[in-house]
Amino acid sequence: MKYYTLCLLFLYIVIGCHCEVKNTVHLFGQLKDMGTQEVLMRYDGTASMIGDSRNVILRTDTEGRFDTLLPLERSEFYSISRNTLYLSPGDDIEVVITQNNQEAQFKGKGAEANIYMKDRLFPKGGSYLEGGANVKENFRQTRQVIERLAEIREEQLANLKGVSTEFKELERARIYADVINSYFYYNSYALEYKGKSQEEIREAERRNLLEVVPSINEKVKYLNDDRFLNVAVVRNILFYREDPAYEVCLKNYKQTRRSYELYEGYKRVSALRQNLNQKVVDDIRAYIEEMSQVDFAIELKTKLNQAARLLSGQLAPDFVMIDTAGNRKLLSDFKGEIIYMDLWATWCGPCIQESPAFTKLSKKYPSIRFLQISRDEQKESWLSYLKHKSHTLPQYNSVDTRLIEGWQLFYIPRFILIDKEQKIINAYAPRPSSDEIIPLLDSLSH
């Protein structure tokens with residue numbers, strides 16, 4: 001007991017005086033407009049592709065101010081909303097962060113790397129294509145834009161002071177991967193394909209890709225290092241390895257045991273999120289015993305244990321939601337009713353597309369509680385959307401971290417079925433527009 005008390009006293013002194021401590025990061029400041037006082041800071045390194053056990057909850061006051069000391073053994077990437085952070089042991093950073101990464105402010109030890117990270121690109125936006133904004137009349141013109149923007153970013157990186165060699169190497173990998181990702185995403189935005197037949201488009205795609213194969217192969221040689229799996233866009237482009245159309249571009253990537261287990265682990269986590277049943281659970285448990293990468297095995301085992309709690313018959317994880325008047329409700333308040341739950345957001349196109357079918361089913365099955373819950377972090381955006389859209393069902397919003405963690409919420413739309421005893425029927429229920437949902441709701445409504 002005396003030893004335990006001394007340890008607590010030591011931690012109190014350390015946190016109270018904010019002294020620099022080896023293997024810790026002092027992070028403080030303000031998180032604005034996050035919609036909650038429990039803000040998720042996601043671990044964004046290699047193992048995040050499998051699990052989220054390294055995520056951190058930052059607890060703020062009503063104005064978004066926080067002050068925390070994080071244990072950290074080595075430099076890692078994290079993200080808060082759209083902001084990517086690079087944190088290293090010994091950092092002492094004051095931040096002001098909003099959902100717009102361009103507005104972020106950083107001061108103190110470790111600020112230089114994070115100021116540079118404000119301009120990092122997003123893989124799903126096509127990297128240098130920036131959602132199509134930089135797409136030109138044809139591929140050759142677009143390629144010139146991509147390569148010039150990459151050169152500017154490389155110059156910025158080369159001139160950056162106060163950062164480690166490791167950081168520069170990681171960010172060089174990001175630039176190379178962003179370029180490759182831009183080439184691969186071009187087909188999604190290409191203006192030159194309009195009005196052409198499918199055969200003409202396929203030929204143009206093949207021709208454009210062949211033009212950049214030498215450039216891609218040269219960059220892939222640099223990326224062929226397990227360290228660079230820490231960079232999200234590197235992990236993103238390596239998904240193309242299994243696509244025959246891109247095989248010629250990634251032939252220089254020699255898969256290691258670590259990269260192999262990373263993608264195999266990801267496949268198994270995906271299975272847990274799509275087709276959760278006892279056989280899937282048992283198969284993954286057996287695979288974990290074969291893994292050599294300890295950090296991946298830990299993440300996969302954690303995911304497996306979390307997913308197992310969502311098997312049919314398990315008690316439904318509870319969470320808080322609010323209605324349009326600001327009244328607080330719990331999922332458990334609806335105990336005694338069969339629930340078909342729709343998790344959506346105003347910015348989610350597929351969610352909006354499913355909404356009419358969800359409403360239509362609610363009229364067909366009045367004995368079932370149809371629960372529509374928005375995941376919008378900005379309550380004002382949600383209320384504004386509802387104001388301009390007709391809706392007949394009661395509307396709720398939830399930013400409770402227990403919803404994300406308890407239900408393993410990694411994508412929306414997501415649909416869930418719960419019985420009258422608040423036990424799970426299906427944690428990954430069919431969409432309301434699907435053929436599978438009708439017989440399932442028929443069986444529950446009698």
# chains A, B, ... in the order shown; residues from 1 in each chain; ligands from 1

$ select_by_dssp --residues "range 248-337 of chain A" --states "strand (DSSP E)" --output "number ranges by chain"
A: 320-323, 328-330

$ closest_residue --among "A:Lys423, A:Arg414, A:Lys360, A:Arg309" --to "Ile339 in chain A" --atoms "only C-alpha atoms"
A:Lys423

$ closest_residue --among "A:Ser53, A:Ser381, A:Asn83, A:Ser259" --to "Ala345 in chain A" --atoms "only C-alpha atoms"
A:Ser381

$ select_by_dssp --residues "range 262-322 of chain A" --states "alpha helix (DSSP H)" --output "MDAnalysis selection string"
chainID A and resid 262:274 278:288 294:308

$ write_last_selection --atoms "C-alpha atoms" --output "CSV table (one decimal), in the first residue's frame"
chain,number,residue,atom,x,y,z
A,262,LEU,CA,-1.0,-6.5,-41.3
A,263,TYR,CA,-3.2,-7.0,-44.3
A,264,GLU,CA,-4.2,-10.5,-43.2
A,265,GLY,CA,-5.2,-9.0,-39.8
A,266,TYR,CA,-7.1,-6.3,-41.6
A,267,LYS,CA,-9.1,-8.9,-43.6
A,268,ARG,CA,-10.1,-10.6,-40.4
A,269,VAL,CA,-11.2,-7.4,-38.7
A,270,SER,CA,-13.3,-6.6,-41.8
A,271,ALA,CA,-14.9,-10.0,-41.5
A,272,LEU,CA,-15.9,-9.2,-37.9
A,273,ARG,CA,-17.5,-6.0,-39.2
A,274,GLN,CA,-19.5,-7.6,-42.0
A,278,GLN,CA,-19.3,-17.9,-34.1
A,279,LYS,CA,-17.4,-19.5,-36.9
A,280,VAL,CA,-15.7,-16.2,-37.9
A,281,VAL,CA,-14.8,-15.7,-34.2
A,282,ASP,CA,-13.3,-19.2,-33.9
A,283,ASP,CA,-11.3,-18.9,-37.1
A,284,ILE,CA,-9.8,-15.6,-36.1
A,285,ARG,CA,-8.9,-16.9,-32.6
A,286,ALA,CA,-7.0,-19.7,-34.3
A,287,TYR,CA,-5.2,-17.3,-36.7
A,288,ILE,CA,-4.0,-15.1,-33.7
A,294,VAL,CA,3.0,-9.1,-31.3
A,295,ASP,CA,1.4,-5.7,-31.7
A,296,PHE,CA,-0.9,-6.9,-34.5
A,297,ALA,CA,-1.8,-10.0,-32.5
A,298,ILE,CA,-2.7,-7.8,-29.5
A,299,GLU,CA,-4.9,-5.5,-31.6
A,300,LEU,CA,-6.6,-8.4,-33.4
A,301,LYS,CA,-7.3,-10.2,-30.1
A,302,THR,CA,-8.8,-7.0,-28.6
A,303,LYS,CA,-11.0,-6.6,-31.7
A,304,LEU,CA,-12.1,-10.2,-31.4
A,305,ASN,CA,-13.0,-9.8,-27.8
A,306,GLN,CA,-15.0,-6.6,-28.6
A,307,ALA,CA,-16.7,-8.2,-31.5
A,308,ALA,CA,-17.7,-11.3,-29.5

$ residues_around --residues "Ser127 in chain A" --least-positions-apart "5" --cutoff "6 Å" --atoms "only C-alpha atoms" --output "compact mmCIF listing (two decimals) with C-alpha atoms, in the first residue's frame"
# COMPACT_ATOMS: atom_id res chain seq x y z
CA LEU A 121 -3.38 15.46 -47.99
CA PHE A 122 -6.17 12.93 -47.67
CA ASP A 178 0.41 10.67 -52.33
CA SER A 182 -3.14 10.56 -57.20

$ residues_around --residues "Gly29 in chain A" --least-positions-apart "2" --cutoff "12 Å" --atoms "only C-alpha atoms" --output "CSV table (one decimal) with all heavy atoms, in the first residue's frame"
chain,number,residue,atom,x,y,z
A,26,HIS,N,3.3,16.1,-23.2
A,26,HIS,CA,2.4,17.0,-22.5
A,26,HIS,C,1.7,17.7,-23.6
A,26,HIS,O,2.3,18.5,-24.5
A,26,HIS,CB,3.2,18.0,-21.7
A,26,HIS,CG,2.3,19.0,-21.0
A,26,HIS,ND1,2.7,20.3,-20.7
A,26,HIS,CD2,1.1,18.9,-20.5
A,26,HIS,CE1,1.8,20.9,-20.1
A,26,HIS,NE2,0.7,20.1,-20.0
A,27,LEU,N,0.4,17.5,-23.7
A,27,LEU,CA,-0.5,18.1,-24.7
A,27,LEU,C,-1.6,18.9,-24.0
A,27,LEU,O,-2.3,18.4,-23.2
A,27,LEU,CB,-1.1,17.0,-25.6
A,27,LEU,CG,-1.7,17.3,-26.9
A,27,LEU,CD1,-0.6,17.9,-27.9
A,27,LEU,CD2,-2.4,16.1,-27.6
A,31,LEU,N,-9.7,22.4,-27.8
A,31,LEU,CA,-10.4,21.7,-28.9
A,31,LEU,C,-11.7,22.3,-29.2
A,31,LEU,O,-12.6,22.2,-28.4
A,31,LEU,CB,-10.5,20.2,-28.6
A,31,LEU,CG,-9.2,19.5,-28.1
A,31,LEU,CD1,-9.6,18.1,-27.7
A,31,LEU,CD2,-8.2,19.5,-29.2
A,32,LYS,N,-11.8,23.1,-30.3
A,32,LYS,CA,-13.0,23.9,-30.6
A,32,LYS,C,-14.0,23.1,-31.5
A,32,LYS,O,-13.7,22.4,-32.4
A,32,LYS,CB,-12.7,25.2,-31.2
A,32,LYS,CG,-11.9,26.1,-30.4
A,32,LYS,CD,-11.6,27.4,-31.2
A,32,LYS,CE,-10.9,28.5,-30.3
A,32,LYS,NZ,-10.7,29.7,-31.1
A,58,LEU,N,-9.6,12.5,-25.0
A,58,LEU,CA,-9.2,13.8,-24.4
A,58,LEU,C,-10.4,14.4,-23.8
A,58,LEU,O,-11.4,14.8,-24.5
A,58,LEU,CB,-8.6,14.7,-25.4
A,58,LEU,CG,-7.3,14.2,-26.1
A,58,LEU,CD1,-6.9,15.1,-27.2
A,58,LEU,CD2,-6.2,14.0,-25.2
A,59,ARG,N,-10.4,14.6,-22.5
A,59,ARG,CA,-11.6,15.2,-21.7
A,59,ARG,C,-11.4,16.7,-21.6
A,59,ARG,O,-10.3,17.1,-21.0
A,59,ARG,CB,-11.8,14.5,-20.4
A,59,ARG,CG,-12.3,13.0,-20.6
A,59,ARG,CD,-12.4,12.2,-19.4
A,59,ARG,NE,-13.1,11.0,-19.7
A,59,ARG,CZ,-12.5,9.9,-20.1
A,59,ARG,NH1,-11.2,9.9,-20.3
A,59,ARG,NH2,-13.2,8.8,-20.4
A,60,THR,N,-12.3,17.5,-22.0
A,60,THR,CA,-12.2,18.9,-22.0
A,60,THR,C,-13.3,19.5,-21.0
A,60,THR,O,-14.2,18.9,-20.6
A,60,THR,CB,-12.5,19.5,-23.4
A,60,THR,OG1,-13.9,19.5,-23.7
A,60,THR,CG2,-11.7,18.7,-24.4
A,61,ASP,N,-13.1,20.8,-20.7
A,61,ASP,CA,-14.1,21.6,-20.0
A,61,ASP,C,-15.1,22.0,-21.0
A,61,ASP,O,-15.1,21.7,-22.2
A,61,ASP,CB,-13.5,22.7,-19.2
A,61,ASP,CG,-12.9,23.8,-20.0
A,61,ASP,OD1,-13.1,23.8,-21.3
A,61,ASP,OD2,-12.1,24.6,-19.5
A,63,GLU,N,-15.5,24.8,-22.5
A,63,GLU,CA,-14.9,25.6,-23.6
A,63,GLU,C,-14.0,24.8,-24.4
A,63,GLU,O,-13.3,25.4,-25.3
A,63,GLU,CB,-14.3,26.8,-23.0
A,63,GLU,CG,-15.2,27.8,-22.2
A,63,GLU,CD,-14.5,29.0,-21.7
A,63,GLU,OE1,-13.3,29.0,-21.6
A,63,GLU,OE2,-15.2,30.0,-21.4
A,64,GLY,N,-13.8,23.5,-24.2
A,64,GLY,CA,-12.9,22.7,-25.0
A,64,GLY,C,-11.5,22.7,-24.5
A,64,GLY,O,-10.6,22.1,-25.2
A,65,ARG,N,-11.2,23.3,-23.4
A,65,ARG,CA,-9.9,23.3,-22.9
A,65,ARG,C,-9.5,22.0,-22.2
A,65,ARG,O,-10.3,21.4,-21.5
A,65,ARG,CB,-9.7,24.5,-21.9
A,65,ARG,CG,-9.9,25.8,-22.6
A,65,ARG,CD,-9.5,27.0,-21.7
A,65,ARG,NE,-9.9,28.2,-22.4
A,65,ARG,CZ,-9.2,28.8,-23.4
A,65,ARG,NH1,-8.1,28.2,-23.8
A,65,ARG,NH2,-9.6,29.9,-24.0
A,66,PHE,N,-8.2,21.6,-22.4
A,66,PHE,CA,-7.8,20.3,-21.8
A,66,PHE,C,-6.3,20.4,-21.5
A,66,PHE,O,-5.6,21.3,-22.0
A,66,PHE,CB,-8.0,19.2,-22.8
A,66,PHE,CG,-7.1,19.1,-23.9
A,66,PHE,CD1,-6.0,18.2,-23.9
A,66,PHE,CD2,-7.2,20.0,-25.0
A,66,PHE,CE1,-5.1,18.2,-25.0
A,66,PHE,CE2,-6.3,20.0,-26.0
A,66,PHE,CZ,-5.2,19.1,-26.0
A,67,ASP,N,-5.8,19.5,-20.7
A,67,ASP,CA,-4.4,19.5,-20.3
A,67,ASP,C,-4.1,18.0,-19.9
A,67,ASP,O,-4.7,17.5,-18.9
A,67,ASP,CB,-4.2,20.4,-19.1
A,67,ASP,CG,-2.7,20.6,-18.8
A,67,ASP,OD1,-1.9,19.7,-19.1
A,67,ASP,OD2,-2.3,21.7,-18.4
A,68,THR,N,-3.3,17.3,-20.7
A,68,THR,CA,-3.1,15.9,-20.4
A,68,THR,C,-1.6,15.5,-20.6
A,68,THR,O,-0.9,16.2,-21.4
A,68,THR,CB,-4.0,15.1,-21.3
A,68,THR,OG1,-4.0,13.7,-20.9
A,68,THR,CG2,-3.6,15.1,-22.8
A,92,ASP,N,6.1,19.0,-25.7
A,92,ASP,CA,5.3,19.8,-24.8
A,92,ASP,C,4.6,20.8,-25.7
A,92,ASP,O,5.2,21.9,-26.0
A,92,ASP,CB,6.3,20.5,-23.8
A,92,ASP,CG,5.6,21.2,-22.7
A,92,ASP,OD1,4.3,21.2,-22.7
A,92,ASP,OD2,6.2,21.6,-21.7
A,93,ILE,N,3.4,20.5,-26.1
A,93,ILE,CA,2.8,21.3,-27.2
A,93,ILE,C,1.4,21.9,-26.7
A,93,ILE,O,0.6,21.2,-26.2
A,93,ILE,CB,2.5,20.4,-28.4
A,93,ILE,CG1,3.7,19.6,-28.8
A,93,ILE,CG2,2.0,21.2,-29.6
A,93,ILE,CD1,3.4,18.6,-30.0
A,94,GLU,N,1.3,23.2,-27.0
A,94,GLU,CA,0.0,23.9,-26.8
A,94,GLU,C,-0.7,23.9,-28.1
A,94,GLU,O,-0.1,24.3,-29.1
A,94,GLU,CB,0.2,25.3,-26.2
A,94,GLU,CG,-1.1,26.0,-26.0
A,94,GLU,CD,-0.9,27.4,-25.5
A,94,GLU,OE1,0.3,27.9,-25.4
A,94,GLU,OE2,-1.9,28.1,-25.2
A,95,VAL,N,-1.9,23.5,-28.1
A,95,VAL,CA,-2.7,23.4,-29.4
A,95,VAL,C,-4.0,24.2,-29.3
A,95,VAL,O,-4.6,24.3,-28.3
A,95,VAL,CB,-3.0,21.9,-29.8
A,95,VAL,CG1,-1.7,21.1,-29.8
A,95,VAL,CG2,-4.0,21.3,-28.8
A,96,VAL,N,-4.4,24.6,-30.5
A,96,VAL,CA,-5.8,25.0,-30.7
A,96,VAL,C,-6.2,24.3,-32.0
A,96,VAL,O,-5.7,24.5,-33.1
A,96,VAL,CB,-5.9,26.5,-30.9
A,96,VAL,CG1,-7.4,26.9,-31.2
A,96,VAL,CG2,-5.5,27.3,-29.7
A,97,ILE,N,-7.2,23.4,-31.8
A,97,ILE,CA,-7.6,22.5,-32.9
A,97,ILE,C,-9.1,22.6,-33.2
A,97,ILE,O,-9.9,22.6,-32.2
A,97,ILE,CB,-7.2,21.1,-32.6
A,97,ILE,CG1,-5.7,20.9,-32.7
A,97,ILE,CG2,-7.8,20.1,-33.6
A,97,ILE,CD1,-5.2,19.6,-32.3
A,98,THR,N,-9.5,22.7,-34.4
A,98,THR,CA,-10.9,22.7,-34.8
A,98,THR,C,-11.1,21.5,-35.8
A,98,THR,O,-10.1,20.7,-36.1
A,98,THR,CB,-11.3,24.0,-35.6
A,98,THR,OG1,-10.7,24.0,-36.8
A,98,THR,CG2,-10.9,25.2,-34.7
A,104,ALA,N,-5.6,24.8,-37.4
A,104,ALA,CA,-4.8,24.4,-36.2
A,104,ALA,C,-3.7,25.3,-35.9
A,104,ALA,O,-3.0,25.8,-36.8
A,104,ALA,CB,-4.4,22.9,-36.4
A,105,GLN,N,-3.4,25.4,-34.6
A,105,GLN,CA,-2.3,26.2,-34.1
A,105,GLN,C,-1.5,25.4,-33.1
A,105,GLN,O,-2.1,24.6,-32.3
A,105,GLN,CB,-2.8,27.5,-33.4
A,105,GLN,CG,-3.6,28.4,-34.2
A,105,GLN,CD,-4.3,29.5,-33.4
A,105,GLN,OE1,-3.7,30.0,-32.5
A,105,GLN,NE2,-5.5,29.9,-33.8
A,106,PHE,N,-0.2,25.5,-33.2
A,106,PHE,CA,0.7,24.7,-32.4
A,106,PHE,C,1.9,25.6,-31.8
A,106,PHE,O,2.5,26.4,-32.6
A,106,PHE,CB,1.3,23.5,-33.1
A,106,PHE,CG,0.3,22.6,-33.7
A,106,PHE,CD1,-0.1,22.7,-35.0
A,106,PHE,CD2,-0.2,21.5,-33.0
A,106,PHE,CE1,-1.1,21.9,-35.6
A,106,PHE,CE2,-1.1,20.7,-33.5
A,106,PHE,CZ,-1.6,20.8,-34.8
A,107,LYS,N,2.2,25.4,-30.6
A,107,LYS,CA,3.3,26.1,-29.9
A,107,LYS,C,4.0,25.2,-29.0
A,107,LYS,O,3.4,24.3,-28.4
A,107,LYS,CB,2.8,27.3,-29.1
A,107,LYS,CG,2.1,28.4,-29.9
A,107,LYS,CD,1.7,29.5,-29.0
A,107,LYS,CE,0.9,30.6,-29.7
A,107,LYS,NZ,0.5,31.7,-28.8
A,108,GLY,N,5.4,25.4,-28.9
A,108,GLY,CA,6.1,24.6,-28.0
A,108,GLY,C,7.0,23.5,-28.6
A,108,GLY,O,7.1,23.5,-29.8

$ residues_around --residues "range 139-144 of chain A" --least-positions-apart "4" --cutoff "8 Å" --atoms "only C-alpha atoms" --output "PyMOL selection string"
chain A and resi 134-135+148+183+186+190+192+208

$ closest_atom_pairs --of "range 246-284 of chain A" --to "range 213-235 of chain A" --cutoff "10 Å" --atoms "only C-alpha atoms" --output "Markdown table"
| residue | atom | partner | partner_atom | distance |
| --- | --- | --- | --- | --- |
| A:Tyr246 | CA | A:Val213 | CA | 9.3 |
| A:Val248 | CA | A:Val213 | CA | 7.2 |
| A:Cys249 | CA | A:Val213 | CA | 5.3 |
| A:Leu250 | CA | A:Asn217 | CA | 6.4 |
| A:Lys251 | CA | A:Asn217 | CA | 7.3 |
| A:Asn252 | CA | A:Lys221 | CA | 6.0 |
| A:Tyr253 | CA | A:Asn224 | CA | 5.6 |
| A:Lys254 | CA | A:Asn224 | CA | 6.7 |
| A:Gln255 | CA | A:Asn224 | CA | 8.0 |
| A:Thr256 | CA | A:Asp226 | CA | 7.7 |
| A:Arg257 | CA | A:Asp226 | CA | 9.6 |
| A:Arg258 | CA | A:Asp226 | CA | 7.2 |
| A:Ser259 | CA | A:Asp226 | CA | 6.9 |
| A:Leu262 | CA | A:Leu229 | CA | 9.2 |
| A:Tyr263 | CA | A:Arg235 | CA | 9.0 |

$ residues_around --residues "Ala316 in chain A" --least-positions-apart "2" --cutoff "7 Å" --atoms "only C-alpha atoms" --output "list in words"
Gln314, Asp318, Gln422, Lys423 and Ile424 of chain A

$ residues_around --residues "Arg74 in chain A" --least-positions-apart "2" --cutoff "12 Å" --atoms "only C-alpha atoms" --output "PyMOL selection string"
chain A and resi 22-25+45+70-72+76-77+86-91+166-167

$ write_last_selection --atoms "all heavy atoms" --output "short mmCIF file (atom, residue, chain, number, x, y, z; two decimals), in the first residue's frame"
data_model
loop_
_atom_site.label_atom_id
_atom_site.label_comp_id
_atom_site.auth_asym_id
_atom_site.auth_seq_id
_atom_site.Cartn_x
_atom_site.Cartn_y
_atom_site.Cartn_z
N LYS A 22 10.53 11.55 -19.46
CA LYS A 22 10.88 10.65 -20.55
C LYS A 22 9.69 9.75 -20.86
O LYS A 22 9.00 9.27 -19.97
CB LYS A 22 12.10 9.80 -20.15
CG LYS A 22 12.63 8.93 -21.27
CD LYS A 22 13.84 8.15 -20.81
CE LYS A 22 14.39 7.27 -21.94
NZ LYS A 22 15.57 6.50 -21.48
N ASN A 23 9.47 9.51 -22.15
CA ASN A 23 8.38 8.65 -22.61
C ASN A 23 7.00 9.19 -22.28
O ASN A 23 6.06 8.43 -22.03
CB ASN A 23 8.53 7.22 -22.07
CG ASN A 23 9.77 6.54 -22.60
OD1 ASN A 23 10.33 6.97 -23.61
ND2 ASN A 23 10.22 5.51 -21.93
N THR A 24 6.87 10.51 -22.26
CA THR A 24 5.56 11.14 -22.13
C THR A 24 5.46 12.32 -23.09
O THR A 24 6.46 12.86 -23.56
CB THR A 24 5.28 11.66 -20.70
OG1 THR A 24 6.25 12.65 -20.37
CG2 THR A 24 5.32 10.53 -19.68
N VAL A 25 4.23 12.72 -23.38
CA VAL A 25 3.94 13.92 -24.16
C VAL A 25 2.99 14.78 -23.35
O VAL A 25 1.96 14.29 -22.88
CB VAL A 25 3.29 13.57 -25.52
CG1 VAL A 25 2.78 14.82 -26.22
CG2 VAL A 25 4.28 12.84 -26.42
N GLY A 45 -1.03 5.03 -36.47
CA GLY A 45 0.14 4.30 -36.93
C GLY A 45 -0.22 2.96 -37.54
O GLY A 45 -1.40 2.65 -37.77
N LEU A 70 0.47 12.22 -21.78
CA LEU A 70 0.28 10.93 -22.44
C LEU A 70 1.55 10.09 -22.38
O LEU A 70 2.63 10.59 -22.68
CB LEU A 70 -0.08 11.12 -23.91
CG LEU A 70 -1.26 12.03 -24.23
CD1 LEU A 70 -1.35 12.25 -25.74
CD2 LEU A 70 -2.55 11.44 -23.70
N PRO A 71 1.43 8.82 -22.01
CA PRO A 71 2.60 7.94 -22.11
C PRO A 71 2.89 7.63 -23.57
O PRO A 71 1.98 7.36 -24.35
CB PRO A 71 2.15 6.68 -21.36
CG PRO A 71 0.66 6.69 -21.45
CD PRO A 71 0.24 8.13 -21.48
N LEU A 72 4.16 7.72 -23.98
CA LEU A 72 4.52 7.45 -25.37
C LEU A 72 5.97 7.01 -25.43
O LEU A 72 6.88 7.74 -25.05
CB LEU A 72 4.31 8.71 -26.23
CG LEU A 72 4.34 8.51 -27.74
CD1 LEU A 72 3.15 7.68 -28.20
CD2 LEU A 72 4.34 9.86 -28.46
N GLU A 76 4.80 8.72 -32.88
CA GLU A 76 3.65 8.10 -33.51
C GLU A 76 2.76 9.17 -34.13
O GLU A 76 2.76 10.33 -33.71
CB GLU A 76 2.81 7.31 -32.49
CG GLU A 76 3.52 6.13 -31.85
CD GLU A 76 3.64 4.91 -32.76
OE1 GLU A 76 3.31 5.03 -33.95
OE2 GLU A 76 4.08 3.86 -32.26
N PHE A 77 1.97 8.75 -35.13
CA PHE A 77 0.93 9.60 -35.71
C PHE A 77 -0.39 9.38 -34.98
O PHE A 77 -0.76 8.24 -34.67
CB PHE A 77 0.74 9.29 -37.20
CG PHE A 77 1.88 9.72 -38.07
CD1 PHE A 77 2.74 8.78 -38.62
CD2 PHE A 77 2.08 11.06 -38.36
CE1 PHE A 77 3.79 9.17 -39.43
CE2 PHE A 77 3.14 11.46 -39.17
CZ PHE A 77 3.99 10.51 -39.71
N TYR A 86 1.79 14.52 -35.14
CA TYR A 86 2.99 13.68 -34.99
C TYR A 86 3.55 13.98 -33.61
O TYR A 86 4.02 15.10 -33.35
CB TYR A 86 4.01 14.00 -36.07
CG TYR A 86 5.25 13.14 -36.03
CD1 TYR A 86 5.21 11.82 -36.49
CD2 TYR A 86 6.46 13.64 -35.55
CE1 TYR A 86 6.35 11.02 -36.47
CE2 TYR A 86 7.60 12.84 -35.53
CZ TYR A 86 7.53 11.53 -35.98
OH TYR A 86 8.66 10.73 -35.96
N LEU A 87 3.46 13.00 -32.72
CA LEU A 87 3.88 13.19 -31.33
C LEU A 87 5.10 12.35 -31.03
O LEU A 87 5.19 11.19 -31.45
CB LEU A 87 2.73 12.81 -30.39
CG LEU A 87 1.41 13.56 -30.59
CD1 LEU A 87 0.36 13.07 -29.60
CD2 LEU A 87 1.61 15.07 -30.47
N SER A 88 6.04 12.96 -30.29
CA SER A 88 7.28 12.28 -29.91
C SER A 88 7.48 12.40 -28.41
O SER A 88 7.07 13.39 -27.79
CB SER A 88 8.48 12.90 -30.63
OG SER A 88 8.34 12.80 -32.03
N PRO A 89 8.11 11.39 -27.79
CA PRO A 89 8.40 11.48 -26.35
C PRO A 89 9.13 12.77 -26.02
O PRO A 89 10.09 13.14 -26.69
CB PRO A 89 9.28 10.24 -26.10
CG PRO A 89 8.88 9.27 -27.17
CD PRO A 89 8.58 10.12 -28.37
N GLY A 90 8.66 13.45 -24.98
CA GLY A 90 9.27 14.72 -24.58
C GLY A 90 8.60 15.95 -25.16
O GLY A 90 8.91 17.07 -24.75
N ASP A 91 7.68 15.78 -26.12
CA ASP A 91 6.97 16.93 -26.68
C ASP A 91 6.17 17.65 -25.60
O ASP A 91 5.62 17.03 -24.69
CB ASP A 91 6.01 16.48 -27.80
CG ASP A 91 6.73 16.23 -29.12
OD1 ASP A 91 7.93 16.53 -29.21
OD2 ASP A 91 6.07 15.74 -30.07
N GLU A 166 13.99 10.89 -38.86
CA GLU A 166 12.92 9.90 -39.00
C GLU A 166 11.65 10.54 -39.53
O GLU A 166 10.99 10.00 -40.43
CB GLU A 166 12.63 9.25 -37.64
CG GLU A 166 11.49 8.25 -37.69
CD GLU A 166 11.07 7.76 -36.31
OE1 GLU A 166 11.17 8.54 -35.34
OE2 GLU A 166 10.62 6.61 -36.22
N PHE A 167 11.29 11.72 -39.01
CA PHE A 167 10.09 12.40 -39.48
C PHE A 167 10.20 12.74 -40.96
O PHE A 167 9.26 12.54 -41.74
CB PHE A 167 9.85 13.68 -38.67
CG PHE A 167 8.67 14.48 -39.14
CD1 PHE A 167 7.38 14.09 -38.83
CD2 PHE A 167 8.85 15.63 -39.92
CE1 PHE A 167 6.28 14.82 -39.27
CE2 PHE A 167 7.76 16.37 -40.36
CZ PHE A 167 6.47 15.96 -40.04
#

$ closest_residue --among "A:Ser433, A:Gln30, A:Asn236, A:Thr62" --to "Ala177 in chain A" --atoms "only C-alpha atoms"
A:Asn236
